[in-house]
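Step one of this worksheet: look at the structure below.
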Number of protein chains: 4
Amino acid sequence: MTGDASRPELRIGMIGYLFMGRAHTQAWSTIGRAFDLPARPVLRVVCGPDRADTERAAARLGWAEVETDWHALVRRDDVDVVDICAPASLHAPIAIEALAAGKHVFCEKPLANTVEEAAQMAEAARAASGRGVRSMLGFNYRRVPALSYAWQLMRDGRLGEIRHVRVAYLQDWLSDPAAPMNWRMTSRVSGSGVLADLGSHAIDLSQHLLGEPVNAVSGLTATFVAQRPLPPDVDAPAHGLDPDLRTGVVDVPDAAAFLARFASGAVGTFEVSRMATGRKNSLRVEVNGSTGSLAFDLERICELELYDATQPPAEQGFRRILMTEPVHPWVAAWWPPGHVIGWEHTFSHELRDLVVAIAEGVDPRPSFADGLQVQAVLDAVERSSRGGGWVEVERRPTW
Amino acid sequence: MTGDASRPELRIGMIGYLFMGRAHTQAWSTIGRAFDLPARPVLRVVCGPDRADTERAAARLGWAEVETDWHALVRRDDVDVVDICAPASLHAPIAIEALAAGKHVFCEKPLANTVEEAAQMAEAARAASGRGVRSMLGFNYRRVPALSYAWQLMRDGRLGEIRHVRVAYLQDWLSDPAAPMNWRMTSRVSGSGVLADLGSHAIDLSQHLLGEPVNAVSGLTATFVAQRPLPPDVDAPAHGLDPDLRTGVVDVPDAAAFLARFASGAVGTFEVSRMATGRKNSLRVEVNGSTGSLAFDLERICELELYDATQPPAEQGFRRILMTEPVHPWVAAWWPPGHVIGWEHTFSHELRDLVVAIAEGVDPRPSFADGLQVQAVLDAVERSSRGGGWVEVERRPTW
Amino acid sequence: MTGDASRPELRIGMIGYLFMGRAHTQAWSTIGRAFDLPARPVLRVVCGPDRADTERAAARLGWAEVETDWHALVRRDDVDVVDICAPASLHAPIAIEALAAGKHVFCEKPLANTVEEAAQMAEAARAASGRGVRSMLGFNYRRVPALSYAWQLMRDGRLGEIRHVRVAYLQDWLSDPAAPMNWRMTSRVSGSGVLADLGSHAIDLSQHLLGEPVNAVSGLTATFVAQRPLPPDVDAPAHGLDPDLRTGVVDVPDAAAFLARFASGAVGTFEVSRMATGRKNSLRVEVNGSTGSLAFDLERICELELYDATQPPAEQGFRRILMTEPVHPWVAAWWPPGHVIGWEHTFSHELRDLVVAIAEGVDPRPSFADGLQVQAVLDAVERSSRGGGWVEVERRPTW
Amino acid sequence: MTGDASRPELRIGMIGYLFMGRAHTQAWSTIGRAFDLPARPVLRVVCGPDRADTERAAARLGWAEVETDWHALVRRDDVDVVDICAPASLHAPIAIEALAAGKHVFCEKPLANTVEEAAQMAEAARAASGRGVRSMLGFNYRRVPALSYAWQLMRDGRLGEIRHVRVAYLQDWLSDPAAPMNWRMTSRVSGSGVLADLGSHAIDLSQHLLGEPVNAVSGLTATFVAQRPLPPDVDAPAHGLDPDLRTGVVDVPDAAAFLARFASGAVGTFEVSRMATGRKNSLRVEVNGSTGSLAFDLERICELELYDATQPPAEQGFRRILMTEPVHPWVAAWWPPGHVIGWEHTFSHELRDLVVAIAEGVDPRPSFADGLQVQAVLDAVERSSRGGGWVEVERRPTW
């Protein structure tokens with residue numbers, strides 16, 4: 001337990017301890033050292049389905065106790081914050097029950113697998129807020145310093161009237177047709193696959209940066225490899241897989257692309273893929289406005305490229321800003337200029353802001369309502385991809 | 001006149017002498033020095049509407065004589081090749097009459113402003129070919145060494161099964177709403193504006209690289225600034241402009257974006273804009289296949305980025321190949337390794353290949369039929385953008 | 001305390017808690033989660049001169065107890081490893097006393113301020129090793145995955161015969177003449193200033209990568225701003241500063257450059273600066289061999305550029321390898337491909353390796369003897385810079 | 001012959017027609033089209049040792065007549081400008097005789113192989129200037145738009161007080177030990193090899209940009225491959241080669257590096273190599289001043305990177321300026337923004353400026369005196385490399 005010992009404890013209960021659980025644990029364990037927090041996060045309890053596995057994880061990661069039933073975790077008196085790292089299909093029931101139990105909730109993205117679940121969660125969050133209970137959604141890329149600074153620039157009108165936003169989130173771990181099945185390729189667990197996983201980030205970022213929702217979309221999805229081998233040790237039926245053939249059916253997209261219109265007149269182009277060979281985790285964002293542009297690539301997380309069209313004509317150019325100055329968002333907590341931070345730091349930034357919001361009694365962003373609006377766009381893209389051409393996005397309330 | 005004096009002359013008649021005319025003249029004047037040509041290009045006659053202006057241009061550029069009527073130029077006995085640098089609305093009549101007169105024709109892109117004109121031109125070219133008369137379309141970017149080598153790689157299957165092609169052709173000379181009107185913003189002269197101008201390049205390149213036509217598209221167009229000031233000295237009525245208000249109506253898109261499906265299953269995303277602030281002439285092409293990827297940006301014309309997924313996993317990465325080695329297409333004609341060439345060299349490459357094709361009696365590519373297929377895609381994008389959702393692209397004959 | 005609870009504790013005592021102390025603490029707190037360690041690091045005690053300040057730091061960083069006298073810390077029975085983050089002038093006395101007391105020692109770079117001190121430390125480390133006591137020097141950049149992989153490539157002969165090594169370590173925090181004095185500009189505390197601070201990294205890396213020591217050097221140093229203002233709250237006399245004038249004399253170099261020859265015939269060029277405006281923490285390394293080259297920049301810590309001259313001539317190019325694959329050194333402990341790590345992770349890598357070395361009873365590298373050899377080069381550069389022209393580097397024993 | 005026919009002819013006689021001769025011919029043939037010249041360059045006569053070869057070259061390149069004796073060319077009444085593309089060992093005799101004959105002289109770099117020859121040439125140029133005869137030295141990289149603009153920025157004090165200049169000119173065509181001998185590896189013809197060839201560019205640029213000569217140097221040279229195979233068809237004895245062994249002795253450096261001090265206090269680091277594997281023609285220049293920095297790489301000839309330390313701290317970064325705007329030096333003569341030019345255009349820029357200088361009756365730069373000062377630095381580097389440590393550079397008169 002780190003952080004100023006004179007501050008009150010903030011006791012965390014985390015559900016799920018794999019990829020996201022590891023990243024959250026690293027952040028919870030770090031923010032007390034890095035930031036001047038109003039409370040001390042305590043790794044109270046972690047929850048997983050198998051007790052032995054969960055105990056091993058708890059020992060390794062530093063959690064004090066374990067649960068195997070998330071209902072039990074949610075009800076514990078010694079938990080202040082429920083941190084949901086479970087699959088998306090569990091987000092709604094856990095979050096709603098936790099909020100009802102008076103726990104602050106931090107939920108990984110995407111908010112849910114359907115608009116209906118998302119709407120219920122947003123309503124639960126709204127109600128909880130009235131009782132002083134906070135909720136926050138883990139669109140961590142809002143808190144990449146470069147993208148947060150980009151948001152400031154756009155809020156301040158530095159890019160002028162926005163014409164283009166261009167977002168591609170490209171990975172390649174499925175390029176090889178021999179890459180085996182996993183739960184991320186099954187719609188029952190992962191919803192719309194790459195669209196939910198990567199597309200939700202892309203949509204949230206664009207709406208966040210532009211300060212307005214997507215109005216309408218026209219899209220397509222593609223599944224390039226429809227059958228994949230099972231991993232050697234998989235429980236085939238549990239994954240909807242054929243145990244004899246040793247292959248599984250991929251029923252989610254490998255890739256998706258869509259065009260978007262914003263109310264302001266800005267035009268968006270979006271693409272997400274798990275089969276963009278050579279792109280490992282390349283979330284590229286470019287925005288073009290009447291007086292400037294910006295560009296970003298998550299593979300170079302500490303760099304923001306800024307084009308300022310108000311500079312003298314002979315000296316205009318994309319400027320590579322190394323986002324490691326103390327004046328950059330969250331950066332003063334880390335290292336001297338030029339000493340780069342990594343992907344995991346985005347989690348520290350969001351959890352730091354959550355702790356502060358809880359202490360200050362304000363609702364942090366991204367809210368569940370923000371997540372609901374993203375879900376509405378995802379839903380419109382899916383409907384468009386099934387042959388609908390342009391689909392209007394339902395405008396959901398933002399509490 | 002340069003080139004081996006023992007070789008026969010090839011007498012050029014060029015129509016138009018502004019931007020494209022200057023670039024073509026530079027190429028015609030250079031290729032005899034750079035390449036071992038089967039014939040010596042001779043700058044015989046240049047044609048423009050105003051005699052004094054044309055004579056000044058001829059003197060400056062090195063053309064022996066002038067005409068003010070393109071019909072006269074096309075009929076001259078001392079012209080072997082008609083080089084069309086006139087606006088797109090004139091391409092069809094000039095090309096058809098020149099081919100009928102037995103002249104080889106080199107025509108700037110796009111082929112025409114409508115599918116109908118393009119189809120007539122393609123038919124005329126097919127007929128002329130039977131009489132030994134050649135025609136060629138100026139999609140010069142096929143002859144960027146990097147893109148030609150990319151084509152070779154793809155033809156040889158080096159990228160495996162293609163999943164994604166991603167083309168953005170971005171400029172920014174209209175970002176400023178105060179940038180004045182010109183003929184490129186009037187549909188009567190320039191057809192579909194940026195879509196015809198930049199979109200035609202993007203479409204041709206994608207079809208050329210993939211070796212297959214676009215099957216279907218869903219797109220949008222946008223005009224961000226609908227009225228622009230007139231230039232001080234413009235003949236307003238002649239440009240469809242209001243002479244009192246001193247503003248003109250932009251009736252072509254400033255930008256366009258579309259999704260595309262290819263028969264192979266590959267997915268394409270396309271975007272063109274004249275308002276992508278900071279991007280000056282950025283034609284970016286990226287292709288992702290099952291065993292590799294490539295990336296290119298015209299602003300770095302001498303570089304090709306190649307990702308080879310068959311290399312050892314620890315050593316895979318996008319490789320920046322400086323396309324200045326003698327083994328690269330056309331490059332041996334120029335300078336030693338590392339001594340970069342520029343945009344204008346693409347014209348030398350295409351005109352060199354035209355001269356060789358004429359001498360060898362074969363039809364060069366891109367053909368007018370290639371241009372017709374591009375025109376069909378442009379037409380489909382326009383129809384889609386008018387609310388049509390997905391539009392199938394008509395498959396035109398390729399003679 | 002994290003890590004597998006069934007493993008024995010490894011109790012750490014750290015001297016100094018500022019910049020380096022924060023980075024070490026982050027690493028000690030993280031490695032048990034990231035790696036499968038043979039022991040559990042425990043943050044037992046931290047030492048600083050002022051008790052109240054040290055207690056605040058201990059609470060914030062998570063250290064259990066504090067000391068104000070490093071002699072006391074070194075003698076504690078409940079400390080297994082002494083981690084030295086004190087100024088370089090204290091490295092020798094602390095390390096020698098700690099080793100004598102049977103503590104494993106991890107010492108920040110540079111090893112010392114003089115060759116004499118360094119030699120004593122190396123001798124003490126040699127003697128301690130015979131008693132099973134380990135020592136390690138914190139040249140953390142050896143454990144940047146990109147540079148570790150570069151070392152493997154060179155060890156395996158992949159670059160062929162080495163001709164050039166080119167190292168520049170450039171920062172700019174002193175570019176502004178108004179930047180105030182601190183202890184890093186006073187030779188009594190910081191030795192040769194930028195030469196010791198950044199030059200030691202550059203020299204160690206080059207010797208490590210080439211697998212041979214620098215033979216001879218010819219160099220220069222420069223102090224561009226000889227007087228700087230005092231910070232408002234500084235204890236002027238303690239820093240050798242003039243309390244009346246409120247300015248201090250910079251008696252260390254702001255920059256240094258030197259040429260080097262290696263026994264193999266390779267030629268090295270080195271440059272370090274704190275006044276290279278715009279370069280924040282740019283440690284650039286380039287090596288050219290007969291069959292390949294590599295290039296690296298610390299500001300893009302997750303990228304290695306590799307040029308393989310055995311590839312087909314048309315396809316050779318510098319390949320940007322994103323060093324985030326599980327096959328890259330230490331990377332499997334972190335996140336999926338493309339999820340970048342930061343500067344701080346280099347400390348986790350070196351401390352992980354220290355913990356393993358202690359458990360396995362082997363001497364880790366970089367050794368104090370490695371640091372002594374670096375010190376010998378630094379000394380030669382200093383002598384050369386005082387007018388000596390080429391200076392041979394004394395070859396120190398490597399135990 | 002191009003350019004305005006009403007302007008007087010400027011008749012060129014060129015000695016040498018290989019690599020440099022081709023580049024000059026391309027420039028002489030182009031500038032009349034691109035620029036509004038006060039005279040029309042005419043390719044009057046080209047000179048080479050073998051009549052048949054020279055006639056073939058003349059026909060191909062477009063020269064009207066040939067000579068085989070440069071003395072004859074220099075004396076011709078119909079030659080106004082003598083353009084020297086012969087090996088450096090012939091520069092002095094040709095230039096001195098041509099100037100004496102009243103011909104303007106354009107001489108390729110380096111000025112000569114020795115300081116003595118260079119001094120005689122500079123004196124001859126000074127004397128000729130008094131008679132209205134102009135001379136110019138072909139350091140073409142001064143007229144890369146990016147570097148010319150960099151010079152303007154520095155002249156205007158935009159970078160503040162200069163601390164560092166860092167120049168590396170790296171090629172790799174000798175990386176392979178099997179690359180055969182040629183005249184560039186024989187000191188009798190090529191002087192100090194890579195030092196004269198690439199080093200002269202590096203030195204001239206640094207002195208030009210900083211506006212002051214190098215004061216003192218300390219350097220080294222290296223020949224990594226001392227014997228190389230002969231090309232199959234070489235006249236071995238004529239090249240100082242052993243006809244039996246079929247190998248030749250390389251008696252010039254493959255690489256050189258040196259440190260430099262300028263009177264202003266700026267520090268320079270220089271490196272040139274023909275064995276920097278993967279670097280094809282990479283002339284990298286970086287300058288760091290108190291208020292800004294700039295960086296350039298010839299492999300990206302159209303880009304200048306500018307760091308402006310007077311911008312707000314959060315937004316400082318190296319700005320990639322695409323040097324294709326009409327406001328950039330010489331660029332308005334070429335193509336629209338973003339349409340890149342190549343290496344050959346630097347020759348057009350220098351010859352355009354020569355034609356203008358002749359017409360205006362002023363002495364163009366770089367002058368032979370500039371070349372003499374470069375030669376003095378080269379000489380100092382050579383002496384330093386032979387064991388001299390730091391060597392003062394003799395300050396030569398600049399007329």
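Ordering of the structure tokens sets the chain letters (A, B, ...), residue numbers begin anew at 1 in every chain, and ligands are numbered from 1 in the order given.
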
Using only C-alpha atoms, find each residue in chain D having at least one atom no more than 6 Å away from chain C; report its shortest atom-to-atom pair and that distance in Å (one decimal), rows by chain then rising number, as JSON lines.
{"residue": "D:Ser175", "atom": "CA", "partner": "C:Ser290", "partner_atom": "CA", "distance": 5.4}
{"residue": "D:Ala276", "atom": "CA", "partner": "C:Asn288", "partner_atom": "CA", "distance": 5.3}
{"residue": "D:Thr277", "atom": "CA", "partner": "C:Asn288", "partner_atom": "CA", "distance": 5.5}
{"residue": "D:Asn288", "atom": "CA", "partner": "C:Ala276", "partner_atom": "CA", "distance": 5.3}
{"residue": "D:Ser290", "atom": "CA", "partner": "C:Ser175", "partner_atom": "CA", "distance": 5.5}
{"residue": "D:Ser293", "atom": "CA", "partner": "C:Thr277", "partner_atom": "CA", "distance": 5.9}
{"residue": "D:Gly389", "atom": "CA", "partner": "C:Gly389", "partner_atom": "CA", "distance": 4.4}

Take the residues just selected and output them with N, CA, C and O atoms as a CSV table (one decimal), in the first residue's frame.
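Saved result, selection_17.csv, follows:
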chain,number,residue,atom,x,y,z
D,175,SER,N,30.7,-0.7,-48.7
D,175,SER,CA,30.6,-1.6,-47.5
D,175,SER,C,31.0,-3.1,-47.8
D,175,SER,O,31.6,-3.7,-47.0
D,276,ALA,N,29.0,3.2,-44.5
D,276,ALA,CA,27.9,3.2,-43.5
D,276,ALA,C,26.7,2.5,-44.0
D,276,ALA,O,25.7,3.0,-44.5
D,277,THR,N,26.8,1.2,-43.9
D,277,THR,CA,25.8,0.3,-44.5
D,277,THR,C,24.4,0.7,-44.3
D,277,THR,O,23.9,0.9,-43.2
D,288,ASN,N,22.1,23.2,-33.4
D,288,ASN,CA,21.4,23.5,-32.1
D,288,ASN,C,21.9,24.9,-31.6
D,288,ASN,O,23.1,25.1,-31.4
D,290,SER,N,20.6,28.5,-29.1
D,290,SER,CA,20.0,28.8,-27.8
D,290,SER,C,18.5,28.9,-27.9
D,290,SER,O,17.7,28.7,-27.0
D,293,SER,N,16.6,24.9,-33.2
D,293,SER,CA,17.4,23.9,-33.8
D,293,SER,C,16.9,23.6,-35.2
D,293,SER,O,15.7,23.9,-35.5
D,389,GLY,N,47.0,15.5,-33.5
D,389,GLY,CA,46.0,16.0,-32.5
D,389,GLY,C,45.3,17.2,-33.1
D,389,GLY,O,45.0,17.2,-34.3

From a backbone DSSP assignment, name each residue in segment 97-340 of chain A labelled alpha helix (DSSP H), as number ranges by chain. A: 97-100, 115-130, 145-155, 187-190, 194, 200-210

Between atom CA of Tyr17 of chain A and atom CA of His349 of chain C, what is the distance in Å, rounded to a tenth? 22.6 Å

Please, what distance in Å, to one decimal, runs between atom CA of Thr54 of chain B and atom CA of Glu67 of chain B? 7.9 Å

Atom-to-atom span, atom CA of Ala112 of chain A and atom CA of Ser89 of chain A, Å: 6.4 Å
